[in-house]
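Undergrad: See model_31.txt below, with compact mmCIF, C-alpha atoms and all ligand atoms.
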```txt
# COMPACT_ATOMS: atom_id res chain seq x y z
CA MET A 1 73.21 101.97 110.07
CA THR A 2 71.18 101.11 113.15
CA PRO A 3 72.85 99.21 115.99
CA SER A 4 70.36 96.32 115.71
CA LYS A 5 71.08 95.87 112.03
CA ALA A 6 74.80 96.06 112.65
CA ARG A 7 74.53 93.43 115.40
CA LEU A 8 77.19 95.16 117.44
CA ASP A 9 77.28 94.70 121.18
CA ALA A 10 78.51 96.71 124.17
CA VAL A 11 82.12 95.62 123.65
CA ASP A 12 81.95 96.80 120.04
CA PHE A 13 80.40 100.16 120.90
CA ALA A 14 82.98 100.78 123.62
CA ALA A 15 85.75 99.96 121.12
CA LEU A 16 84.23 102.31 118.52
CA GLU A 17 84.06 105.09 121.11
CA GLU A 18 87.64 104.51 122.15
CA PHE A 19 88.65 104.58 118.47
CA ALA A 20 86.80 107.88 117.93
CA ALA A 21 88.39 109.37 121.05
CA ARG A 22 91.85 108.35 119.82
CA TYR A 23 91.55 109.28 116.15
CA GLY A 24 88.63 111.72 116.01
CA ASP A 25 86.09 111.65 113.21
CA VAL A 26 88.60 110.31 110.73
CA GLN A 27 87.56 109.89 107.10
CA LEU A 28 89.05 106.67 105.76
CA PRO A 29 90.22 106.45 102.15
CA PRO A 30 88.37 104.35 99.55
CA VAL A 31 90.25 101.13 100.35
CA THR A 32 90.55 100.06 103.98
CA VAL A 33 92.44 96.91 104.85
CA VAL A 34 91.07 95.29 108.00
CA ILE A 35 93.36 92.91 109.86
CA ALA A 36 92.33 90.85 112.89
CA ALA A 37 95.43 90.24 114.99
CA TYR A 38 95.85 88.22 118.13
CA ASN A 39 99.28 87.47 119.58
CA GLU A 40 101.07 88.10 116.30
CA ALA A 41 104.01 90.11 117.67
CA ALA A 42 106.45 88.16 115.50
CA ASN A 43 104.55 88.87 112.28
CA ILE A 44 102.51 92.06 112.55
CA ALA A 45 105.18 94.66 111.71
CA SER A 46 106.27 92.99 108.47
CA VAL A 47 102.65 92.37 107.45
CA LEU A 48 101.73 96.03 108.01
CA GLN A 49 104.81 97.26 106.18
CA SER A 50 103.87 95.10 103.20
CA ILE A 51 100.48 96.80 102.68
CA PRO A 52 100.77 99.09 99.64
CA ARG A 53 100.05 102.82 99.97
CA GLU A 54 97.83 102.63 96.91
CA ILE A 55 95.65 99.83 95.61
CA CYS A 56 94.26 100.11 92.09
CA GLY A 57 95.24 103.78 92.19
CA LEU A 58 93.14 104.41 95.32
CA GLY A 59 94.27 105.58 98.74
CA VAL A 60 94.66 102.92 101.42
CA ALA A 61 94.38 102.81 105.20
CA THR A 62 94.88 99.82 107.46
CA VAL A 63 92.83 99.08 110.56
CA VAL A 64 94.17 96.46 112.96
CA VAL A 65 91.66 94.96 115.39
CA ASP A 66 93.48 93.49 118.37
CA ASP A 67 91.24 92.29 121.17
CA GLY A 68 93.59 91.61 124.04
CA SER A 69 96.87 90.23 122.71
CA SER A 70 99.28 89.62 125.58
CA ASP A 71 102.46 89.84 123.50
CA GLY A 72 102.43 93.53 122.58
CA THR A 73 100.88 93.11 119.10
CA ALA A 74 98.74 96.27 119.49
CA ASP A 75 101.71 98.37 120.62
CA ILE A 76 103.80 97.19 117.68
CA ALA A 77 100.91 98.04 115.34
CA ARG A 78 100.54 101.50 116.89
CA GLY A 79 104.18 102.11 116.01
CA GLN A 80 103.28 101.67 112.34
CA ASP A 81 101.30 104.04 110.14
CA VAL A 82 97.95 102.35 110.81
CA TYR A 83 94.80 102.64 112.90
CA VAL A 84 94.35 100.27 115.82
CA CYS A 85 91.00 99.32 117.30
CA ALA A 86 91.26 97.52 120.62
CA PRO A 87 88.13 95.88 122.02
CA ALA A 88 88.45 95.17 125.73
CA ARG A 89 87.78 91.44 125.56
CA ASN A 90 89.08 88.66 123.35
CA ARG A 91 86.21 87.22 121.30
CA GLY A 92 87.75 85.62 118.22
CA GLN A 93 88.73 86.51 114.68
CA GLY A 94 85.15 86.67 113.40
CA ALA A 95 84.06 89.18 116.03
CA ALA A 96 87.19 91.26 115.42
CA LEU A 97 86.59 91.35 111.66
CA ARG A 98 82.89 92.18 112.05
CA LEU A 99 83.82 95.16 114.19
CA GLY A 100 86.51 96.16 111.70
CA TYR A 101 84.01 96.08 108.81
CA HIS A 102 81.55 98.34 110.62
CA LEU A 103 84.29 100.67 111.75
CA ALA A 104 85.62 100.96 108.19
CA LYS A 105 82.16 101.61 106.80
CA LEU A 106 81.24 104.13 109.53
CA HIS A 107 84.40 106.07 108.74
CA GLY A 108 83.74 106.22 105.02
CA ALA A 109 85.59 103.31 103.39
CA ARG A 110 84.19 102.29 99.99
CA PHE A 111 85.96 98.96 99.72
CA ILE A 112 87.10 96.70 102.53
CA ALA A 113 89.92 94.20 102.07
CA THR A 114 91.08 91.69 104.63
CA THR A 115 94.30 89.83 105.14
CA ASP A 116 95.77 87.96 108.10
CA ALA A 117 98.39 89.17 110.54
CA ASP A 118 100.36 85.93 110.29
CA GLY A 119 102.01 86.66 106.93
CA GLN A 120 100.28 83.83 105.05
CA TYR A 121 98.96 86.11 102.29
CA ASP A 122 100.81 88.29 99.80
CA ALA A 123 99.80 91.94 100.13
CA THR A 124 101.13 92.73 96.65
CA GLU A 125 98.11 90.77 95.40
CA LEU A 126 95.60 93.19 96.95
CA ASP A 127 95.30 94.88 93.55
CA LEU A 128 94.05 91.61 92.09
CA ILE A 129 91.14 91.30 94.50
CA VAL A 130 90.15 94.97 94.61
CA GLN A 131 90.19 95.51 90.82
CA PRO A 132 86.85 93.72 90.09
CA LEU A 133 85.17 95.95 92.72
CA VAL A 134 86.61 99.10 91.15
CA ASP A 135 85.56 97.85 87.72
CA GLY A 136 82.06 97.20 89.04
CA THR A 137 82.11 93.56 87.94
CA ALA A 138 81.90 92.06 91.45
CA ASP A 139 80.58 92.90 94.90
CA PHE A 140 82.69 90.38 96.77
CA VAL A 141 86.05 88.93 95.74
CA THR A 142 87.68 86.08 97.57
CA GLY A 143 91.17 84.72 97.14
CA SER A 144 91.54 81.07 96.21
CA ARG A 145 94.65 79.11 97.04
CA ARG A 146 93.60 76.35 94.66
CA LEU A 147 93.36 78.75 91.73
CA GLY A 148 96.61 80.40 92.82
CA LEU A 149 99.60 79.18 94.80
CA TYR A 150 99.39 77.08 97.92
CA SER A 151 102.15 75.49 99.95
CA THR A 152 101.37 73.04 102.75
CA ASN A 153 102.69 69.78 104.12
CA ASP A 154 99.45 69.16 105.98
CA VAL A 155 97.52 66.54 104.01
CA VAL A 156 94.49 66.69 106.33
CA ARG A 157 94.16 70.46 105.92
CA HIS A 158 94.67 70.05 102.17
CA ALA A 159 91.89 67.44 101.98
CA GLY A 160 89.66 69.68 104.12
CA VAL A 161 89.99 72.55 101.66
CA HIS A 162 88.70 70.27 98.89
CA VAL A 163 85.91 68.71 100.93
CA PHE A 164 84.53 72.02 102.20
CA ALA A 165 84.79 73.56 98.74
CA SER A 166 82.68 70.71 97.36
CA ILE A 167 80.07 71.22 100.08
CA MET A 168 80.01 74.96 99.43
CA SER A 169 79.64 74.35 95.69
CA VAL A 170 76.45 72.39 96.41
CA ILE A 171 75.15 75.09 98.76
CA ALA A 172 75.94 77.95 96.37
CA ARG A 173 75.00 75.98 93.24
CA ARG A 174 78.18 77.09 91.51
CA ARG A 175 81.81 76.05 91.61
CA VAL A 176 83.69 77.23 94.69
CA THR A 177 87.32 76.22 95.22
CA ASP A 178 88.26 77.75 98.60
CA THR A 179 85.96 78.49 101.53
CA SER A 180 88.40 79.54 104.25
CA ASN A 181 90.54 82.11 102.54
CA GLY A 182 91.13 85.21 104.67
CA PHE A 183 92.28 87.28 101.70
CA ARG A 184 89.20 89.00 100.33
CA ALA A 185 87.73 92.34 99.31
CA PHE A 186 84.17 93.60 99.09
CA ARG A 187 82.02 96.69 98.79
CA ALA A 188 81.64 98.23 102.23
CA ASP A 189 77.91 98.81 101.78
CA ILE A 190 77.10 95.09 101.56
CA VAL A 191 77.98 94.68 105.25
CA ASP A 192 74.57 96.03 106.25
CA HIS A 193 72.86 93.19 104.39
CA LEU A 194 74.75 90.35 106.03
CA ILE A 195 74.19 88.55 109.30
CA LEU A 196 77.54 87.99 110.95
CA GLU A 197 77.24 86.13 114.22
CA GLN A 198 80.21 83.79 114.22
CA PRO A 199 82.83 84.91 116.74
CA GLN A 200 85.67 82.85 115.28
CA TYR A 201 84.97 80.99 112.01
CA GLN A 202 83.53 83.78 109.93
CA ALA A 203 84.86 82.94 106.46
CA THR A 204 82.05 80.58 105.50
CA GLU A 205 79.33 82.63 107.20
CA LEU A 206 80.41 85.57 105.09
CA LEU A 207 80.60 83.51 101.91
CA ILE A 208 77.21 81.83 102.32
CA GLY A 209 75.73 85.21 103.27
CA VAL A 210 76.91 86.93 100.09
CA PHE A 211 75.78 84.02 97.91
CA TYR A 212 72.32 83.91 99.49
CA ARG A 213 71.88 87.71 99.33
CA GLY A 214 72.59 87.54 95.61
CA PHE A 215 75.82 89.54 95.54
CA ARG A 216 78.21 88.96 92.66
CA VAL A 217 81.02 86.78 93.99
CA VAL A 218 84.30 86.22 92.18
CA GLU A 219 87.13 83.89 93.15
CA ILE A 220 90.64 84.91 92.14
CA GLY A 221 93.80 82.83 92.38
CA THR A 222 96.07 84.21 95.11
CA THR A 223 99.00 82.98 97.16
CA MET A 224 98.77 81.26 100.53
CA ARG A 225 102.00 80.52 102.33
CA GLN A 226 102.63 78.53 105.47
CA ARG A 227 102.88 80.33 108.77
CA THR A 228 106.53 80.91 109.64
CA SER A 229 106.11 82.30 113.20
CA GLY A 230 103.50 82.25 115.92
CA SER A 231 100.76 79.65 116.12
CA SER A 232 97.33 79.02 114.64
CA LYS A 233 94.41 80.17 116.81
CA LYS A 234 92.05 77.73 115.15
CA GLY A 235 93.00 74.58 117.03
CA PRO A 236 94.05 71.14 115.76
CA ASN A 237 92.75 69.98 112.38
CA LEU A 238 89.88 67.83 113.61
CA VAL A 239 88.56 70.53 115.96
CA TYR A 240 88.96 73.12 113.20
CA GLY A 241 87.18 70.86 110.70
CA TYR A 242 84.33 70.02 113.05
CA ARG A 243 83.67 73.64 114.03
CA PHE A 244 84.05 74.82 110.47
CA GLY A 245 81.56 72.23 109.24
CA ARG A 246 79.12 73.19 111.97
CA VAL A 247 79.26 76.85 110.94
CA ILE A 248 78.55 75.89 107.31
CA LEU A 249 75.52 73.82 108.27
CA ARG A 250 74.06 76.39 110.66
CA THR A 251 74.62 79.32 108.32
CA TRP A 252 73.19 77.44 105.37
CA LEU A 253 70.00 76.64 107.31
CA ARG A 254 69.73 80.19 108.58
CA GLU A 255 70.19 81.79 105.17
CA TRP A 256 67.90 79.28 103.46
CA ARG A 257 65.14 80.07 105.98
CA ARG A 258 65.82 83.80 105.68
CA ASN A 259 65.44 83.65 101.92
CA ARG A 260 62.33 81.49 102.17
CA SER A 261 60.68 83.89 104.63
CA GLU A 262 61.40 86.77 102.23
CA GLY A 263 60.33 84.83 99.15
CA ARG A 264 63.85 85.19 97.74
CA ARG A 265 65.60 82.66 95.52
CA LEU A 266 69.33 82.07 95.39
CA SER A 267 69.46 83.48 91.87
CA ASP A 268 67.64 86.71 92.81
CA PRO A 269 69.65 89.97 92.63
CA PRO A 270 70.85 91.64 95.84
CA PRO A 271 68.40 93.73 97.91
CA VAL A 272 70.13 96.94 96.80
CA ALA A 273 73.10 97.62 94.59
CA PRO A 274 74.03 101.28 94.97
CA ALA A 275 76.59 102.58 92.52
CA ILE A 276 80.04 103.29 93.85
CA ASP A 277 80.94 106.92 93.21
CA LEU A 278 84.66 107.22 93.63
CA THR A 279 84.71 110.89 92.77
CA ALA A 280 82.98 111.75 96.05
CA THR A 281 86.04 111.25 98.28
CA ASP A 282 89.69 112.09 98.31
CA GLN A 283 90.98 108.98 96.61
CA ARG A 284 94.60 109.51 97.58
CA HIS A 285 94.08 109.84 101.32
CA THR A 286 96.29 107.49 103.35
CA ALA A 287 96.48 106.69 107.06
N1 LIG B 301 91.63 90.03 116.97
C1 LIG B 301 91.70 88.70 116.88
N2 LIG B 301 92.35 88.13 115.84
C2 LIG B 301 92.41 86.79 115.80
C3 LIG B 301 91.83 85.96 116.80
N3 LIG B 301 92.07 84.66 116.45
C4 LIG B 301 92.77 84.69 115.30
N4 LIG B 301 92.99 85.98 114.93
C5 LIG B 301 93.73 86.45 113.77
O1 LIG B 301 93.10 85.95 112.62
C6 LIG B 301 94.05 85.62 111.62
C7 LIG B 301 93.91 84.15 111.24
O2 LIG B 301 94.16 83.36 112.38
P1 LIG B 301 94.92 81.97 112.28
O3 LIG B 301 95.07 81.43 113.65
O4 LIG B 301 96.16 82.14 111.48
O5 LIG B 301 93.86 81.08 111.53
P2 LIG B 301 93.79 80.57 110.03
O6 LIG B 301 94.73 81.36 109.16
O7 LIG B 301 92.36 80.54 109.66
O8 LIG B 301 94.27 79.10 110.20
P3 LIG B 301 95.73 78.49 110.04
O9 LIG B 301 95.75 77.95 108.63
O10 LIG B 301 95.78 77.44 111.08
O11 LIG B 301 96.75 79.57 110.22
C8 LIG B 301 95.42 85.99 112.22
O12 LIG B 301 95.75 87.28 111.82
C9 LIG B 301 95.15 85.94 113.71
O13 LIG B 301 96.02 86.74 114.46
C10 LIG B 301 91.17 86.60 117.88
O14 LIG B 301 90.66 85.98 118.80
N5 LIG B 301 91.14 87.96 117.87
MG MG B 302 96.72 81.60 109.54
```
Could you rewrite the structure in this file as structure tokens?
TA:
Amino acid sequence: MTPSKARLDAVDFAALEEFAARYGDVQLPPVTVVIAAYNEAANIASVLQSIPREICGLGVATVVVDDGSSDGTADIARGQDVYVCAPARNRGQGAALRLGYHLAKLHGARFIATTDADGQYDATELDLIVQPLVDGTADFVTGSRRLGLYSTNDVVRHAGVHVFASIMSVIARRRVTDTSNGFRAFRADIVDHLILEQPQYQATELLIGVFYRGFRVVEIGTTMRQRTSGSSKKGPNLVYGYRFGRVILRTWLREWRRNRSEGRRLSDPPPVAPAIDLTATDQRHTA
């Protein structure tokens, strides 16, 4: 992976160096769970303790990316059996996840899963989203609250989930039910084929990217609970909706132009689809 392709910047490289200095040239197990965490002191310990030691029979490590929490989130995470990557400057969830993906891939992860540090997702369902990758039937699996369980009293947010899913269904030319789910899993090698520029609202950039690169995307019903502690970092509903919509539009245009310049169609297969050889690593390794 070249730095230009990875689109990492000086903050990312410094964080990767600090990680290597702290943990050495660690070889991550096949499944690495990446969690972006910012001021989640009230939630992070229980979330980390809920991550299973094995997913689909494969070894699991967790990498927490905390870029400047002021409430001790990183210290709490370091007290758990996980890896912590700590960029020097706060840049948003999208930037934290992008760094986490590259870190996981650089250190040998085969599959990357993500969940949030706020306890809204159910870690016992990680098996559900990793299984299609292990079976080789999908490259990217995203949780869907509408196909699974979803509790909210927020009617605006609820309507937004439907509206954005309809827009995404038009863009992807297939039915999509949830565009902002942070519970997902994908093959680590696809990261090199995606452009990830969004510092905060990455979910749709990632989703449009995988659709337009031709990767096999599967939605699976999963659980999404309400936050019980801490506060959303995404702002009030209208701000969230406006910024989210803007990311969809910009990414769509970018990926449409990218495909056009390469003579690719939406239905074309991915640029490369290397086979996943799970016999090549120690599958039981844990953090
Ligand atoms: N490292 C890092 N993590 C962040 C940042 N902003 C948000 N996060 C984390 O990203 C995850 C999702 O953030 P939330 O604020 O819950 O956003 P959301 O789940 O999309 O929206 P809500 O439905 O309002 O909760 C949580 O684990 C946050 O701690 C950030 O600037 N840096
Ligand atoms: Mg949340």
Undergrad: With all atoms listed in the file as the atoms that count, which of A:Glu17, A:Asp116, A:Asp81, A:Glu40 lies nearest to ligand MG 302 (chain B)?
TA: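 Among the listed residues, the smallest separation from ligand MG 302 (chain B) belongs to A:Asp116.
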Undergrad: Per residue of chain A within 9 Å of ligand LIG 301 (chain B), which atom pair is closest and at what distance in Å (one decimal), using all atoms listed in the file, listed by chain and increasing number, as a Markdown table?
TA:
```
| residue | atom | partner | partner_atom | distance |
| --- | --- | --- | --- | --- |
| A:Ile35 | CA | B:LIG301 | O12 | 6.4 |
| A:Ala36 | CA | B:LIG301 | N2 | 4.0 |
| A:Ala37 | CA | B:LIG301 | O13 | 3.6 |
| A:Tyr38 | CA | B:LIG301 | O13 | 4.0 |
| A:Asn39 | CA | B:LIG301 | O13 | 6.1 |
| A:Glu40 | CA | B:LIG301 | O13 | 5.5 |
| A:Asn43 | CA | B:LIG301 | O12 | 9.0 |
| A:Ile44 | CA | B:LIG301 | O12 | 8.3 |
| A:Val64 | CA | B:LIG301 | N1 | 8.0 |
| A:Val65 | CA | B:LIG301 | N1 | 5.2 |
| A:Asp66 | CA | B:LIG301 | N1 | 4.2 |
| A:Asp67 | CA | B:LIG301 | N1 | 4.8 |
| A:Gly68 | CA | B:LIG301 | N1 | 7.5 |
| A:Ser69 | CA | B:LIG301 | N1 | 7.8 |
| A:Ala86 | CA | B:LIG301 | N1 | 8.3 |
| A:Pro87 | CA | B:LIG301 | N1 | 8.5 |
| A:Asn90 | CA | B:LIG301 | O14 | 5.5 |
| A:Arg91 | CA | B:LIG301 | O14 | 5.3 |
| A:Gly92 | CA | B:LIG301 | O14 | 3.0 |
| A:Gln93 | CA | B:LIG301 | C3 | 3.8 |
| A:Gly94 | CA | B:LIG301 | C10 | 7.5 |
| A:Ala95 | CA | B:LIG301 | N5 | 7.4 |
| A:Ala96 | CA | B:LIG301 | N1 | 4.9 |
| A:Leu97 | CA | B:LIG301 | N1 | 7.4 |
| A:Thr115 | CA | B:LIG301 | O12 | 7.3 |
| A:Asp116 | CA | B:LIG301 | O12 | 3.8 |
| A:Ala117 | CA | B:LIG301 | O12 | 3.5 |
| A:Asp118 | CA | B:LIG301 | O12 | 5.0 |
| A:Gly119 | CA | B:LIG301 | O12 | 8.0 |
| A:Gln120 | CA | B:LIG301 | O6 | 7.3 |
| A:Arg157 | CA | B:LIG301 | O9 | 8.1 |
| A:Ser180 | CA | B:LIG301 | O7 | 6.8 |
| A:Asn181 | CA | B:LIG301 | O7 | 7.5 |
| A:Gly182 | CA | B:LIG301 | O6 | 6.9 |
| A:Pro199 | CA | B:LIG301 | O14 | 8.2 |
| A:Gln200 | CA | B:LIG301 | N3 | 6.8 |
| A:Tyr201 | CA | B:LIG301 | O7 | 7.8 |
| A:Ala203 | CA | B:LIG301 | O7 | 8.5 |
| A:Gln226 | CA | B:LIG301 | O9 | 7.6 |
| A:Arg227 | CA | B:LIG301 | O11 | 6.3 |
| A:Gly230 | CA | B:LIG301 | O4 | 8.6 |
| A:Ser231 | CA | B:LIG301 | O3 | 6.5 |
| A:Ser232 | CA | B:LIG301 | O3 | 3.4 |
| A:Lys233 | CA | B:LIG301 | O3 | 3.5 |
| A:Lys234 | CA | B:LIG301 | O3 | 5.0 |
| A:Gly235 | CA | B:LIG301 | O10 | 7.2 |
| A:Pro236 | CA | B:LIG301 | O10 | 8.0 |
| A:Asn237 | CA | B:LIG301 | O10 | 8.2 |
| A:Tyr240 | CA | B:LIG301 | O10 | 8.3 |
```
Undergrad: Using only C-alpha atoms, which protein or nucleic acid residues come within 9 Å of Ile220 in chain A? Drop anything in the same chain fewer than 3 positions from it, and give the result as a ChimeraX atom specification.
TA: /A:128-129,141-145,147-148
Undergrad: What separation in Å, quoted to one decimal, exists between CA of Leu99 in chain A and CA of Thr177 in chain A?
TA: 27.0 Å
Undergrad: Quick one: of A:Thr137, A:Ser267, A:Thr124, A:Gln27, who's nearest to Ile51 in chain A, counting all atoms listed in the file?
TA: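 Using all atoms listed in the file, the shortest distance to Ile51 in chain A belongs to A:Thr124.
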Undergrad: Please determine, counting all atoms listed in the file, which residue among A:Val218, A:Val156, A:Ala77, A:Leu149 has the shortest atom-to-atom distance to Leu133 in chain A.
TA: A:Val218
Undergrad: Taking all atoms listed in the file into account, which of A:Arg250, A:Arg225, A:Arg260, A:Arg174 comes nearest ligand MG 302 (chain B)?
TA: A:Arg225
Undergrad: Given all atoms listed in the file as the basis, pick out the residue of A:Val176, A:Ile248, A:Ala123, A:Met224 nearest to ligand MG 302 (chain B).
TA: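 Of A:Val176, A:Ile248, A:Ala123, A:Met224, the one nearest ligand MG 302 (chain B) is A:Met224, counting all atoms listed in the file.
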Undergrad: Kindly give the distance, in Å, that separates CA of Asp127 in chain A and CA of Arg53 in chain A, rounded to a single decimal.
TA: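 Atom-to-atom, CA of Asp127 in chain A to CA of Arg53 in chain A, that is 11.3 Å.
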Undergrad: Calculate how many Å separate CA of Trp256 in chain A from CA of Glu197 in chain A, rounding to one decimal.
TA: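 Atom-to-atom, CA of Trp256 in chain A to CA of Glu197 in chain A, that is 15.8 Å.
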Undergrad: Pick out the residues sitting within 9 Å of range 261-265 of chain A, and hand them over as a PDB file with C-alpha atoms, in the frame of the given file; count all atoms listed in the file, and ignore anything fewer than 6 positions along from it in its own chain.
TA:
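That gives us selection09.pdb:
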```
ATOM      1  CA  TYR A 212      72.320  83.910  99.490  1.00  0.00           C
ATOM      2  CA  ARG A 213      71.880  87.710  99.330  1.00  0.00           C
ATOM      3  CA  GLY A 214      72.590  87.540  95.610  1.00  0.00           C
TER       4      GLY A 214
END
```
Undergrad: Using only C-alpha atoms and all ligand atoms, which residue out of A:Leu238, A:Gly79, A:Phe183, A:Arg254 lies closest to ligand MG 302 (chain B)?
TA: A:Phe183
Undergrad: Any chance you could work out the axis-aligned box around range 30-48 of chain A, listed atoms only, 8 Å on each side, giving centre and edge lengths in Å to one decimal, as JSON?
TA:
```
{"center_x": 97.4, "center_y": 95.9, "center_z": 109.6, "size_x": 34.1, "size_y": 32.9, "size_z": 36.0}
```
Undergrad: Taking (92.8, 105.6, 121.0) in the file's coordinates, which residues come within 9 Å, counting all atoms listed in the file, written as a PyMOL selection string?
TA: chain A and resi 17-24+83-86
Undergrad: Once you have the residues from the selection above, write them out as a PDB file, in the frame of the given file, restricted to C-alpha atoms.
TA:
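Final file, out-v6.pdb:
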```pdb
ATOM      1  CA  GLU A  17      84.060 105.090 121.110  1.00  0.00           C
ATOM      2  CA  GLU A  18      87.640 104.510 122.150  1.00  0.00           C
ATOM      3  CA  PHE A  19      88.650 104.580 118.470  1.00  0.00           C
ATOM      4  CA  ALA A  20      86.800 107.880 117.930  1.00  0.00           C
ATOM      5  CA  ALA A  21      88.390 109.370 121.050  1.00  0.00           C
ATOM      6  CA  ARG A  22      91.850 108.350 119.820  1.00  0.00           C
ATOM      7  CA  TYR A  23      91.550 109.280 116.150  1.00  0.00           C
ATOM      8  CA  GLY A  24      88.630 111.720 116.010  1.00  0.00           C
ATOM      9  CA  TYR A  83      94.800 102.640 112.900  1.00  0.00           C
ATOM     10  CA  VAL A  84      94.350 100.270 115.820  1.00  0.00           C
ATOM     11  CA  CYS A  85      91.000  99.320 117.300  1.00  0.00           C
ATOM     12  CA  ALA A  86      91.260  97.520 120.620  1.00  0.00           C
TER      13      ALA A  86
END
```
Undergrad: List as a ChimeraX atom specification the residues having at least one atom at most 12 Å from position (76.5, 85.2, 99.3) as given in the file, counting only C-alpha atoms.
TA: /A:138-142,168-169,171-174,176,179,186,190-191,193-195,203-218,251-252,255-256,259,265-271
